[in-house]
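Text of the file input-v1.cif, holding mmCIF, C-alpha atoms:
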data_model
loop_
_atom_site.label_atom_id
_atom_site.label_comp_id
_atom_site.auth_asym_id
_atom_site.auth_seq_id
_atom_site.Cartn_x
_atom_site.Cartn_y
_atom_site.Cartn_z
CA MET A 1 -72.03 83.04 41.73
CA GLY A 2 -68.71 81.82 40.49
CA CYS A 3 -70.31 79.19 38.36
CA ASP A 4 -72.14 81.66 36.09
CA SER A 5 -69.15 82.10 33.80
CA TRP A 6 -68.89 78.36 33.48
CA LYS A 7 -72.59 77.95 32.89
CA ALA A 8 -72.50 80.51 30.15
CA GLU A 9 -70.31 78.11 28.24
CA LEU A 10 -71.89 74.90 29.41
CA ASP A 11 -73.74 74.25 26.12
CA THR A 12 -70.62 74.91 24.07
CA TYR A 13 -68.78 72.54 26.36
CA LEU A 14 -71.42 69.84 25.93
CA ASP A 15 -71.39 70.38 22.18
CA GLY A 16 -67.67 69.68 22.32
CA GLU A 17 -66.90 73.00 20.68
CA LEU A 18 -64.54 74.54 23.22
CA PRO A 19 -60.83 74.66 22.51
CA GLU A 20 -58.99 71.62 23.84
CA GLU A 21 -57.48 73.38 26.84
CA GLU A 22 -60.80 74.84 27.92
CA MET A 23 -62.45 71.46 27.47
CA ARG A 24 -59.98 69.94 29.93
CA ALA A 25 -60.50 72.74 32.44
CA PHE A 26 -64.26 72.31 32.10
CA ASP A 27 -64.02 68.58 32.71
CA ALA A 28 -62.16 69.23 35.93
CA HIS A 29 -64.60 71.90 37.06
CA VAL A 30 -67.77 69.92 36.33
CA ARG A 31 -66.42 66.92 38.19
CA GLY A 32 -65.88 69.02 41.28
CA CYS A 33 -68.97 71.27 41.08
CA PRO A 34 -72.32 69.68 42.01
CA SER A 35 -74.34 72.59 40.63
CA CYS A 36 -72.60 72.55 37.23
CA SER A 37 -72.62 68.77 36.98
CA ALA A 38 -76.35 68.69 37.77
CA ASP A 39 -76.98 71.37 35.18
CA ALA A 40 -74.82 69.51 32.68
CA LEU A 41 -76.76 66.32 33.32
CA THR A 42 -80.05 68.09 32.63
CA ARG A 43 -78.75 69.63 29.47
CA VAL A 44 -77.37 66.33 28.25
CA GLN A 45 -80.78 64.82 28.89
CA VAL A 46 -82.43 67.55 26.88
CA LYS A 47 -79.90 67.13 24.11
CA ARG A 48 -80.60 63.42 24.00
CA ALA A 49 -84.35 64.04 24.04
CA ILE A 50 -84.07 66.46 21.14
CA ARG A 51 -81.97 63.94 19.20
CA VAL A 52 -84.58 61.21 19.67
CA ALA A 53 -87.59 63.45 19.14
CA GLY A 54 -85.94 65.18 16.25
CA LYS A 55 -85.56 62.00 14.25
CA ARG A 56 -89.24 61.98 13.77
CA PHE A 57 -89.98 61.74 10.08
CA THR A 58 -89.19 58.77 7.91
CA PRO A 59 -89.50 59.07 4.14
CA THR A 60 -91.61 56.63 2.18
CA ALA A 61 -90.04 53.97 0.00
CA ASP A 62 -91.76 55.61 -2.94
CA LEU A 63 -89.99 58.92 -2.38
CA ARG A 64 -86.67 57.12 -2.07
CA LYS A 65 -87.33 55.41 -5.39
CA ARG A 66 -88.23 58.69 -7.04
CA ILE A 67 -85.09 60.37 -5.71
CA GLN A 68 -82.91 57.48 -6.79
CA LYS A 69 -84.49 57.63 -10.21
CA SER A 70 -83.92 61.38 -10.44
CA ILE A 71 -80.29 60.87 -9.49
CA ALA A 72 -80.09 58.05 -11.99
CA ALA A 73 -81.47 60.58 -14.48
CA PRO A 74 -77.95 61.72 -15.35
CA PRO A 75 -77.50 58.32 -16.90
CA GLN A 76 -80.12 59.80 -19.19
CA ARG A 77 -77.67 62.54 -19.83
CA SER A 78 -75.00 59.96 -20.30
CA PHE A 79 -77.56 58.19 -22.43
CA GLY A 80 -77.37 61.24 -24.65
CA LEU A 81 -73.63 61.15 -24.32
CA ARG A 82 -73.67 57.49 -25.19
CA TRP A 83 -75.74 58.25 -28.27
CA THR A 84 -73.37 61.03 -29.19
CA LEU A 85 -70.46 58.67 -28.80
CA ALA A 86 -72.29 55.99 -30.73
CA ALA A 87 -72.95 58.52 -33.49
CA ALA A 88 -69.33 59.66 -33.40
CA THR A 89 -68.17 56.06 -33.53
CA ALA A 90 -70.54 55.44 -36.42
CA VAL A 91 -69.13 58.47 -38.23
CA VAL A 92 -65.59 57.22 -37.60
CA LEU A 93 -66.55 53.78 -38.85
CA VAL A 94 -68.30 55.13 -41.93
CA VAL A 95 -65.41 57.44 -42.73
CA GLY A 96 -63.05 54.53 -42.11
CA TRP A 97 -65.10 52.28 -44.33
CA LEU A 98 -65.26 54.89 -47.04
CA ALA A 99 -61.53 55.49 -46.79
CA ALA A 100 -60.86 51.77 -46.79
CA SER A 101 -63.17 51.12 -49.73
CA TYR A 102 -61.67 54.13 -51.49
CA MET A 103 -58.25 52.69 -50.94
CA VAL A 104 -59.43 49.24 -51.98
CA SER A 105 -61.09 50.71 -55.05
CA ARG A 106 -58.04 52.81 -55.76
CA SER A 107 -55.77 49.83 -55.40
CA GLY A 108 -58.25 47.83 -57.48
CA ARG A 109 -58.26 50.58 -60.06
CA ASP A 110 -54.48 50.77 -60.02
CA GLN A 111 -54.44 47.03 -60.49
CA ILE A 112 -56.68 47.32 -63.52
CA TYR A 113 -54.49 50.12 -64.90
CA SER A 114 -51.45 47.93 -64.65
CA GLU A 115 -53.35 45.01 -66.19
CA ILE A 116 -54.35 47.23 -69.07
CA ALA A 117 -50.74 48.33 -69.41
CA ASP A 118 -49.67 44.67 -69.31
CA LEU A 119 -52.16 43.83 -72.03
CA HIS A 120 -50.81 46.67 -74.12
CA VAL A 121 -47.14 45.71 -73.54
CA ALA A 122 -47.75 41.99 -74.06
CA THR A 123 -49.54 42.70 -77.32
CA MET A 124 -46.77 44.96 -78.57
CA ALA A 125 -44.19 42.31 -77.68
CA SER A 126 -46.16 39.54 -79.33
CA SER A 127 -45.04 38.17 -82.63
CA SER A 128 -48.63 38.34 -83.77
CA PRO A 129 -50.03 41.41 -82.11
CA VAL A 130 -53.34 41.26 -83.92
CA ASP A 131 -55.71 38.43 -84.76
CA VAL A 132 -57.44 40.36 -87.43
CA VAL A 133 -55.13 42.35 -89.55
CA SER A 134 -57.03 45.11 -91.18
CA THR A 135 -56.87 48.80 -91.59
CA ASP A 136 -60.54 48.78 -92.41
CA ARG A 137 -62.90 49.26 -89.55
CA HIS A 138 -65.61 47.60 -91.59
CA THR A 139 -63.55 44.43 -91.49
CA VAL A 140 -62.51 44.59 -87.88
CA LYS A 141 -65.91 45.33 -86.39
CA PRO A 142 -67.66 42.22 -87.84
CA TRP A 143 -64.71 40.08 -86.72
CA PHE A 144 -65.63 40.75 -83.09
CA GLN A 145 -69.25 39.75 -83.59
CA GLY A 146 -69.90 36.48 -81.80
CA ARG A 147 -66.55 36.75 -80.02
CA ILE A 148 -67.50 39.41 -77.54
CA PRO A 149 -70.89 39.85 -75.87
CA PHE A 150 -71.38 43.43 -77.05
CA ALA A 151 -71.14 45.62 -80.09
CA PHE A 152 -69.33 48.93 -80.44
CA ASN A 153 -68.47 51.42 -83.13
CA LEU A 154 -65.06 52.15 -84.51
CA PRO A 155 -64.33 55.72 -85.50
CA GLU A 156 -63.78 56.97 -89.02
CA LEU A 157 -60.06 57.77 -89.31
CA GLN A 158 -60.11 59.77 -92.52
CA ASN A 159 -58.35 63.10 -92.15
CA THR A 160 -56.59 61.93 -89.01
CA GLU A 161 -53.07 60.75 -88.43
CA PHE A 162 -54.31 57.53 -86.85
CA SER A 163 -54.32 54.25 -88.66
CA LEU A 164 -55.89 50.98 -87.56
CA LEU A 165 -53.54 48.02 -87.45
CA GLY A 166 -56.02 45.38 -86.43
CA GLY A 167 -57.79 43.79 -83.51
CA ARG A 168 -57.65 40.90 -81.07
CA MET A 169 -59.50 39.41 -78.18
CA ALA A 170 -58.58 40.63 -74.72
CA TYR A 171 -59.48 39.37 -71.30
CA LEU A 172 -59.66 41.51 -68.29
CA ASP A 173 -61.00 40.28 -65.02
CA GLN A 174 -62.05 37.08 -66.85
CA THR A 175 -64.25 39.15 -69.10
CA PRO A 176 -63.83 39.09 -72.86
CA GLY A 177 -63.34 42.39 -74.58
CA ALA A 178 -62.06 43.99 -77.77
CA HIS A 179 -58.49 45.10 -78.17
CA LEU A 180 -57.75 47.43 -81.10
CA ILE A 181 -54.34 48.63 -82.09
CA TYR A 182 -53.76 51.96 -83.71
CA ASP A 183 -50.69 53.59 -85.01
CA ILE A 184 -49.75 57.22 -85.00
CA ARG A 185 -46.33 58.37 -86.08
CA LYS A 186 -44.74 55.00 -85.27
CA HIS A 187 -46.40 54.93 -81.84
CA HIS A 188 -48.78 52.17 -81.04
CA ILE A 189 -51.91 52.81 -79.12
CA SER A 190 -54.19 50.17 -77.64
CA VAL A 191 -57.89 50.74 -77.35
CA LEU A 192 -59.57 48.24 -75.06
CA VAL A 193 -63.30 47.96 -74.67
CA PHE A 194 -65.05 45.95 -71.96
CA GLN A 195 -68.52 45.65 -70.61
CA GLU A 196 -68.42 47.66 -67.43
CA ARG A 197 -71.09 45.71 -65.54
CA SER A 198 -69.10 42.50 -65.81
CA MET A 199 -66.03 44.16 -64.32
CA LYS A 200 -65.38 44.26 -60.63
CA LEU A 201 -65.27 47.62 -58.88
CA SER A 202 -67.02 49.22 -61.80
CA ALA A 203 -68.57 51.86 -59.52
CA SER A 204 -65.18 53.18 -58.53
CA TRP A 205 -64.32 54.41 -62.00
CA GLY A 206 -64.37 58.06 -62.63
CA GLU A 207 -64.87 59.66 -65.97
CA ASN A 208 -61.86 60.48 -68.10
CA VAL A 209 -59.46 59.17 -65.53
CA LEU A 210 -56.01 59.97 -66.77
CA SER A 211 -53.07 57.67 -66.43
CA PRO A 212 -51.54 57.12 -63.05
CA LYS A 213 -48.08 58.56 -62.68
CA ASN A 214 -46.42 55.25 -62.03
CA LEU A 215 -47.28 53.94 -65.50
CA PRO A 216 -44.89 54.63 -68.37
CA PHE A 217 -47.86 55.20 -70.71
CA ASN A 218 -50.47 57.79 -71.29
CA MET A 219 -53.92 56.51 -70.70
CA GLU A 220 -57.47 57.66 -70.80
CA THR A 221 -60.55 55.77 -69.74
CA TRP A 222 -64.24 56.45 -69.74
CA ASN A 223 -67.61 54.84 -69.73
CA GLN A 224 -69.97 55.16 -72.62
CA GLY A 225 -73.14 53.16 -73.22
CA GLY A 226 -72.26 50.68 -70.51
CA LEU A 227 -68.85 50.05 -72.04
CA ARG A 228 -65.56 50.84 -70.42
CA TYR A 229 -62.97 52.22 -72.85
CA PHE A 230 -59.24 52.35 -72.24
CA VAL A 231 -56.90 54.19 -74.57
CA ILE A 232 -53.28 53.50 -73.70
CA GLY A 233 -49.95 53.89 -75.44
CA ASP A 234 -46.57 55.54 -75.47
CA ALA A 235 -47.90 58.31 -77.72
CA ASN A 236 -48.24 61.72 -76.19
CA ALA A 237 -51.27 62.66 -74.11
CA THR A 238 -52.73 64.80 -76.89
CA ASP A 239 -52.73 61.86 -79.34
CA ILE A 240 -54.29 59.62 -76.71
CA ASP A 241 -56.90 62.25 -76.06
CA ASN A 242 -57.62 62.75 -79.75
CA LEU A 243 -58.14 59.05 -80.30
CA ALA A 244 -60.38 58.93 -77.25
CA LYS A 245 -62.41 61.80 -78.70
CA LEU A 246 -62.81 59.94 -81.96
CA PHE A 247 -64.16 56.90 -80.12
CA LYS A 248 -66.48 59.02 -78.04
CA ALA A 249 -67.81 60.65 -81.16
CA ALA A 250 -68.30 57.35 -82.93
CA SER A 251 -70.27 55.61 -80.21
CA MET B 1 -53.58 53.25 -34.16
CA ALA B 2 -55.37 56.54 -34.58
CA ILE B 3 -58.71 54.83 -34.14
CA ASN B 4 -57.45 53.08 -30.96
CA ASP B 5 -56.25 56.41 -29.59
CA ARG B 6 -59.63 57.92 -30.27
CA ARG B 7 -61.33 55.03 -28.52
CA LEU B 8 -59.13 55.64 -25.50
CA VAL B 9 -60.17 59.27 -25.46
CA TYR B 10 -63.86 58.36 -25.72
CA SER B 11 -63.64 55.78 -22.97
CA SER B 12 -61.86 58.21 -20.68
CA VAL B 13 -64.59 60.81 -21.31
CA VAL B 14 -67.24 58.22 -20.47
CA SER B 15 -65.50 56.99 -17.36
CA GLU B 16 -64.86 60.52 -16.12
CA THR B 17 -68.51 61.42 -16.57
CA SER B 18 -69.78 58.25 -14.97
CA LEU B 19 -67.30 58.72 -12.14
CA ARG B 20 -68.70 62.17 -11.47
CA LEU B 21 -72.27 60.87 -11.58
CA GLU B 22 -71.35 57.99 -9.37
CA SER B 23 -69.77 60.27 -6.84
CA PHE B 24 -72.85 62.50 -6.75
CA GLU B 25 -75.02 59.52 -6.02
CA GLN B 26 -72.54 58.28 -3.46
CA LEU B 27 -72.35 61.66 -1.77
CA ALA B 28 -76.01 62.62 -1.92
CA LEU B 29 -77.94 59.44 -1.18
CA PRO B 30 -76.68 58.91 2.40
CA HIS B 31 -78.27 62.27 3.34
CA PHE B 32 -81.69 61.34 2.01
CA GLU B 33 -83.28 60.44 5.38
CA GLY B 34 -81.71 63.39 7.14
CA LEU B 35 -82.76 65.83 4.44
CA TYR B 36 -86.30 64.53 4.47
CA ASN B 37 -86.52 64.76 8.25
CA PHE B 38 -85.10 68.28 8.17
CA ALA B 39 -87.53 69.22 5.40
CA CYS B 40 -90.47 67.93 7.44
CA TRP B 41 -89.38 69.97 10.45
CA LEU B 42 -89.04 73.07 8.30
CA THR B 43 -92.25 72.77 6.33
CA GLN B 44 -94.30 70.87 8.93
CA ASP B 45 -96.06 69.26 6.01
CA ARG B 46 -95.09 65.89 4.57
CA GLN B 47 -96.17 66.59 1.00
CA GLU B 48 -94.38 69.89 0.97
CA ALA B 49 -91.33 68.19 2.45
CA GLU B 50 -91.34 65.58 -0.32
CA ASP B 51 -91.46 68.28 -2.96
CA LEU B 52 -88.71 70.16 -1.17
CA VAL B 53 -86.44 67.12 -1.03
CA GLN B 54 -87.04 66.34 -4.69
CA GLU B 55 -86.32 69.89 -5.70
CA THR B 56 -83.19 69.88 -3.54
CA TYR B 57 -81.83 66.79 -5.25
CA ALA B 58 -82.65 68.17 -8.68
CA LYS B 59 -80.89 71.45 -7.88
CA ALA B 60 -77.93 69.72 -6.28
CA LEU B 61 -77.48 67.46 -9.27
CA LYS B 62 -77.73 70.37 -11.65
CA GLY B 63 -75.29 72.45 -9.66
CA PHE B 64 -72.96 69.63 -8.74
CA SER B 65 -70.25 71.03 -10.99
CA SER B 66 -70.15 74.09 -8.75
CA PHE B 67 -69.56 71.94 -5.69
CA ARG B 68 -65.92 72.05 -4.80
CA GLN B 69 -64.62 68.56 -4.17
CA GLY B 70 -63.06 68.24 -0.76
CA THR B 71 -65.40 70.76 0.85
CA ASN B 72 -68.34 69.82 3.05
CA PHE B 73 -70.96 68.15 0.89
CA ARG B 74 -73.49 67.79 3.72
CA ALA B 75 -73.41 71.51 4.47
CA TRP B 76 -73.68 72.19 0.72
CA ILE B 77 -76.77 70.08 0.13
CA TYR B 78 -78.49 71.14 3.37
CA LYS B 79 -77.90 74.72 2.36
CA ILE B 80 -79.61 74.04 -0.98
CA LEU B 81 -82.58 72.53 0.81
CA ARG B 82 -82.82 75.41 3.25
CA ASN B 83 -82.51 78.08 0.57
CA THR B 84 -85.13 76.30 -1.51
CA PHE B 85 -87.37 76.22 1.53
CA LEU B 86 -86.88 79.91 2.24
CA THR B 87 -88.05 80.80 -1.26
CA SER B 88 -91.17 78.61 -0.95
CA ARG B 89 -94.43 80.10 0.24
CA THR B 90 -94.14 78.45 3.64
CA GLY B 91 -90.52 79.47 3.83
CA LEU B 92 -91.26 83.09 3.00
CA LYS B 93 -93.83 83.19 5.76
CA ALA B 94 -91.39 81.57 8.16
CA SER B 95 -88.51 83.84 7.26
CA ALA B 96 -90.64 86.81 8.26
CA THR B 97 -89.99 85.71 11.81
CA MET B 98 -86.23 85.36 11.34
CA PRO B 99 -84.44 86.93 14.26
CA ILE B 100 -82.20 89.90 13.92
CA ASP B 101 -79.03 88.54 15.39
CA VAL B 102 -76.63 90.62 17.31
CA GLU B 103 -73.34 88.83 17.56
CA GLY B 104 -72.04 88.17 21.04
CA GLU B 105 -75.49 88.58 22.47
CA GLU B 106 -75.36 85.19 24.10
CA GLU B 107 -77.39 85.21 27.21
CA VAL B 108 -76.30 83.76 30.45
CA LEU B 109 -79.18 81.85 31.90
CA PRO B 110 -79.86 82.46 35.56
CA THR B 111 -79.39 79.15 37.28
CA THR B 112 -82.35 79.76 39.51
CA GLU B 113 -84.69 79.46 36.53
CA GLU B 114 -84.11 75.80 36.09
CA THR B 115 -82.96 73.13 38.40
CA PRO B 116 -82.21 69.55 37.45
CA GLU B 117 -85.39 68.46 39.18
CA SER B 118 -87.53 70.85 37.20
CA ILE B 119 -87.07 69.08 33.89
CA LEU B 120 -86.42 65.47 34.55
CA LEU B 121 -87.48 64.00 31.29
CA GLN B 122 -89.19 60.67 31.16
CA ARG B 123 -88.84 58.33 28.22
CA SER B 124 -92.46 59.00 27.32
CA ASP B 125 -91.75 62.68 27.18
CA TRP B 126 -90.49 62.66 23.59
CA GLN B 127 -93.90 63.84 22.40
CA ARG B 128 -93.61 66.85 24.67
CA VAL B 129 -90.20 67.52 23.24
CA GLN B 130 -91.55 67.28 19.71
CA GLN B 131 -94.34 69.68 20.50
CA ALA B 132 -91.90 72.07 22.09
CA MET B 133 -89.71 71.92 18.99
CA GLU B 134 -92.69 72.60 16.76
CA GLN B 135 -93.39 75.72 18.79
CA LEU B 136 -89.94 77.13 18.12
CA PRO B 137 -89.60 79.74 15.38
CA VAL B 138 -87.96 78.26 12.28
CA ALA B 139 -84.66 80.07 12.87
CA TYR B 140 -84.24 78.37 16.25
CA ARG B 141 -85.74 75.08 15.23
CA GLU B 142 -83.36 74.65 12.33
CA VAL B 143 -80.23 75.50 14.28
CA LEU B 144 -81.23 73.09 17.03
CA LEU B 145 -81.98 70.31 14.53
CA LEU B 146 -78.69 70.74 12.72
CA CYS B 147 -76.80 70.69 16.00
CA GLU B 148 -78.60 67.96 17.91
CA VAL B 149 -80.16 65.73 15.26
CA GLU B 150 -77.67 66.10 12.43
CA GLU B 151 -74.84 66.51 14.93
CA MET B 152 -73.22 69.16 12.80
CA SER B 153 -70.30 71.15 14.14
CA TYR B 154 -70.75 74.88 14.62
CA GLN B 155 -68.58 75.33 11.57
CA GLU B 156 -70.90 73.15 9.47
CA ILE B 157 -74.00 74.88 10.78
CA SER B 158 -72.40 78.21 9.97
CA ALA B 159 -71.75 77.02 6.39
CA THR B 160 -75.24 75.58 6.03
CA LEU B 161 -77.13 78.59 7.31
CA GLY B 162 -74.70 81.14 5.98
CA ILE B 163 -74.31 82.85 9.34
CA PRO B 164 -71.22 83.50 11.48
CA ILE B 165 -70.29 80.97 14.15
CA GLY B 166 -71.04 83.54 16.87
CA THR B 167 -74.58 83.78 15.55
CA VAL B 168 -74.86 80.00 15.47
CA MET B 169 -73.93 79.96 19.16
CA SER B 170 -76.29 82.70 20.18
CA ARG B 171 -79.20 81.16 18.25
CA LEU B 172 -78.47 77.77 19.73
CA SER B 173 -78.36 79.23 23.19
CA ARG B 174 -81.64 80.98 22.68
CA ALA B 175 -83.26 77.94 21.10
CA ARG B 176 -82.28 75.80 24.07
CA LYS B 177 -83.49 78.34 26.52
CA MET B 178 -86.86 78.51 24.76
CA LEU B 179 -87.12 74.77 24.61
CA ARG B 180 -86.24 74.29 28.23
CA ALA B 181 -88.83 76.84 29.13
CA GLN B 182 -91.41 74.85 27.19
CA LEU B 183 -90.41 71.63 28.87
CA ARG B 184 -90.50 72.97 32.38
CA PRO B 185 -93.56 71.50 34.05
CA GLY B 186 -96.27 74.08 34.19
CA PRO B 187 -98.57 74.57 37.16
CA GLN B 188 -101.32 72.60 35.36
CA GLU B 189 -99.17 69.51 35.37
CA GLY B 190 -98.67 69.66 39.08
#

Show how you would write the structure in this file as structure tokens.
Amino acid sequence: MGCDSWKAELDTYLDGELPEEEMRAFDAHVRGCPSCSADALTRVQVKRAIRVAGKRFTPTADLRKRIQKSIAAPPQRSFGLRWTLAAATAVVLVVGWLAASYMVSRSGRDQIYSEIADLHVATMASSSPVDVVSTDRHTVKPWFQGRIPFAFNLPELQNTEFSLLGGRMAYLDQTPGAHLIYDIRKHHISVLVFQERSMKLSASWGENVLSPKNLPFNMETWNQGGLRYFVIGDANATDIDNLAKLFKAAS
Amino acid sequence: MAINDRRLVYSSVVSETSLRLESFEQLALPHFEGLYNFACWLTQDRQEAEDLVQETYAKALKGFSSFRQGTNFRAWIYKILRNTFLTSRTGLKASATMPIDVEGEEEVLPTTEETPESILLQRSDWQRVQQAMEQLPVAYREVLLLCEVEEMSYQEISATLGIPIGTVMSRLSRARKMLRAQLRPGPQEG
């Protein structure tokens, strides 16, 4: 039968999977061939029946929910990601804050350095650099009593090149403190003592911080017994350091 | 400035990730009903089908990075479901009856075997069709379902089942022949 070769491909034809040209030829043949068109009709019916019968199972709403949740689970992953990002952001913020506060404290510290330098310069330029003129520490120390809210020791200067010129009141950051002036080989050195807790940014001070480069003086500062000491002057760094050592030893 | 740049980078990472997740959901959810139906036909057990679908989605999500965008997602996820089924206990049993295909072995059905009158299906006959489909070995049932119910192209079926197109055609042909044989009214039905 001549139709056998057609019928062999009838399913492929009905599935629409024949090449375009063959599809057209098939169309023409089926239209003109009662046997093939009847067969095609049956097969189409079966195809349709399978399609209807095949869509048999409907999932429950519960399963859909579970699947949706499991797909939404990656948000859990992104939850982790979000936490990671939050942590990273926190780190950035903390580092930023630390850097900012470091810069603020550094600029605050620089500001105090320059204020100390100003105090030193202003005192040197003053017509009356000292309020208490004495080379005797036993005279100077009692002078400060009642004027400043703390007591401190002045070093013994015997066998050193330093000499005490006198003392005066100083104010830094609206806090009263002691300002002592020493002399060494015609160089004047200021020693300023303040209560650290009454000074702003006290926590940002390091120990034995040496003078910043932009100041025309040598300077040394440290904390001892809750007091902040500054030794500043145009003397060389060794003299500044030696005077600082004397104060450290005396306290 | 640096902090703003960093924020931009973070936000682009987030949006890229969420975009990928979004696209998985968008690609995978529309196939939920179809996958479940297919799973039921494969396992012939609703509970097992539910587990199979859940496992399929979990695997697909996990392996989504290996899915090549622009290729056929439906074939990809159906393939995952079918492979998962084949490694299940029911699937292993079923795969024991997998046919050994010989390409080009498509049979030409003698026209005398069936005439249009012999299988005139009534609307109420869908149960008979379902029963006939249940009787089919898994290898024929699945190819028929993918073709007729999922309306996949031969190319898609080939990708899903991992068999050549020629084999798809020969299995389909055989599946239809078996089904038609089942549907032909027997002597008991008069």

Q.
Residue by residue, what does the PyMOL selection byres ((chain A) within 9 of (chain B)) grab here? Present the result as JSON, numbers by chain.
A. {"A": [4, 5, 7, 8, 9, 11, 12, 15, 16, 17, 35, 38, 39, 40, 41, 42, 43, 45, 46, 47, 48, 49, 50, 51, 52, 53, 54, 55, 56, 57, 58, 59, 63, 64, 66, 67, 68, 70, 71, 72, 74, 75, 78, 81, 82, 85, 89, 92]}

**Q.** Neighbour list for region 73-83 of chain B as a PyMOL selection string, cut-off 6 Å, all atoms listed in the file, skip fewer than 2 positions in-chain
**A.** chain B and resi 56+85-86+156+160

May I have the residues from that selection written out with C-alpha atoms, as a PDB file, in the coordinates of the input?
ATOM      1  CA  THR B  56     -83.190  69.880  -3.540  1.00  0.00           C
ATOM      2  CA  PHE B  85     -87.370  76.220   1.530  1.00  0.00           C
ATOM      3  CA  LEU B  86     -86.880  79.910   2.240  1.00  0.00           C
ATOM      4  CA  GLU B 156     -70.900  73.150   9.470  1.00  0.00           C
ATOM      5  CA  THR B 160     -75.240  75.580   6.030  1.00  0.00           C
TER       6      THR B 160
END

Q | Result set, the PyMOL selection byres ((chain A and resi 219) around 8) on current file, as a PyMOL selection string | A | chain A and resi 210-211+217-218+220-221+230-233+237+240

Kindly save the residues from that selection, with C-alpha atoms included, as a PDB file, in the frame of the given file.
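The resulting file, part28.pdb, is shown below:
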ATOM      1  CA  LEU A 210     -56.010  59.970 -66.770  1.00  0.00           C
ATOM      2  CA  SER A 211     -53.070  57.670 -66.430  1.00  0.00           C
ATOM      3  CA  PHE A 217     -47.860  55.200 -70.710  1.00  0.00           C
ATOM      4  CA  ASN A 218     -50.470  57.790 -71.290  1.00  0.00           C
ATOM      5  CA  GLU A 220     -57.470  57.660 -70.800  1.00  0.00           C
ATOM      6  CA  THR A 221     -60.550  55.770 -69.740  1.00  0.00           C
ATOM      7  CA  PHE A 230     -59.240  52.350 -72.240  1.00  0.00           C
ATOM      8  CA  VAL A 231     -56.900  54.190 -74.570  1.00  0.00           C
ATOM      9  CA  ILE A 232     -53.280  53.500 -73.700  1.00  0.00           C
ATOM     10  CA  GLY A 233     -49.950  53.890 -75.440  1.00  0.00           C
ATOM     11  CA  ALA A 237     -51.270  62.660 -74.110  1.00  0.00           C
ATOM     12  CA  ILE A 240     -54.290  59.620 -76.710  1.00  0.00           C
TER      13      ILE A 240
END

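A cut-off of 10 Å from the point (-66.9, 67.7, 30.0), with only C-alpha atoms, picks out the residues Leu10, Tyr13, Leu14, Asp15, Gly16, Leu18, Glu22, Met23, Arg24, Ala25, Phe26, Asp27, Ala28, His29, Val30, Arg31, Ser37 and Ala40 of chain A.
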
Q) Distance CA of Pro176 (chain A)-CA of Ile112 (chain A), one decimal place? A)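 Computed distance, CA of Pro176 (chain A) to CA of Ile112 (chain A), equals 14.4 Å.
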
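In this model, the gap between CA of Lys65 (chain A) and CA of Ile157 (chain B) comes to 28.6 Å.
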
Q. Leaving out Asn242 (chain A) and any residue of its chain fewer than 6 positions from it, which residues lie within 12 Å of it when counting all atoms listed in the file, given as a ChimeraX atom specification?
A. /A:155,157,160-162,184,189,219-220,231-232,235-236,248-249

Q.
Here is a test: counting all atoms listed in the file, which residue of A:Ala250, A:Ala86, A:Val193, A:Val121 is nearest to Arg137 (chain A)?
A.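 For Arg137 (chain A), the nearest of the candidates is A:Ala250.
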
Q: Translate the PyMOL selection byres ((chain B and resi 92-97) around 10), as applied to the file shown, into an explicit residue set as number ranges by chain.
A: B: 42-43, 85-91, 98-100, 137-139

Q) What is the distance, in Å and to one decimal place, between CA of Pro142 (chain A) and CA of Met124 (chain A)? A)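 So the answer is 23.0 Å.
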
Padding of 5 Å on every side, edges along x, y and z, all listed atoms of region 165-178 of chain B included: what centre and edge lengths in Å, to one decimal, does that box have, as lines of an AutoDock Vina configuration file?
center_x = -78.6
center_y = 79.8
center_z = 20.3
size_x = 26.6
size_y = 18.0
size_z = 22.4
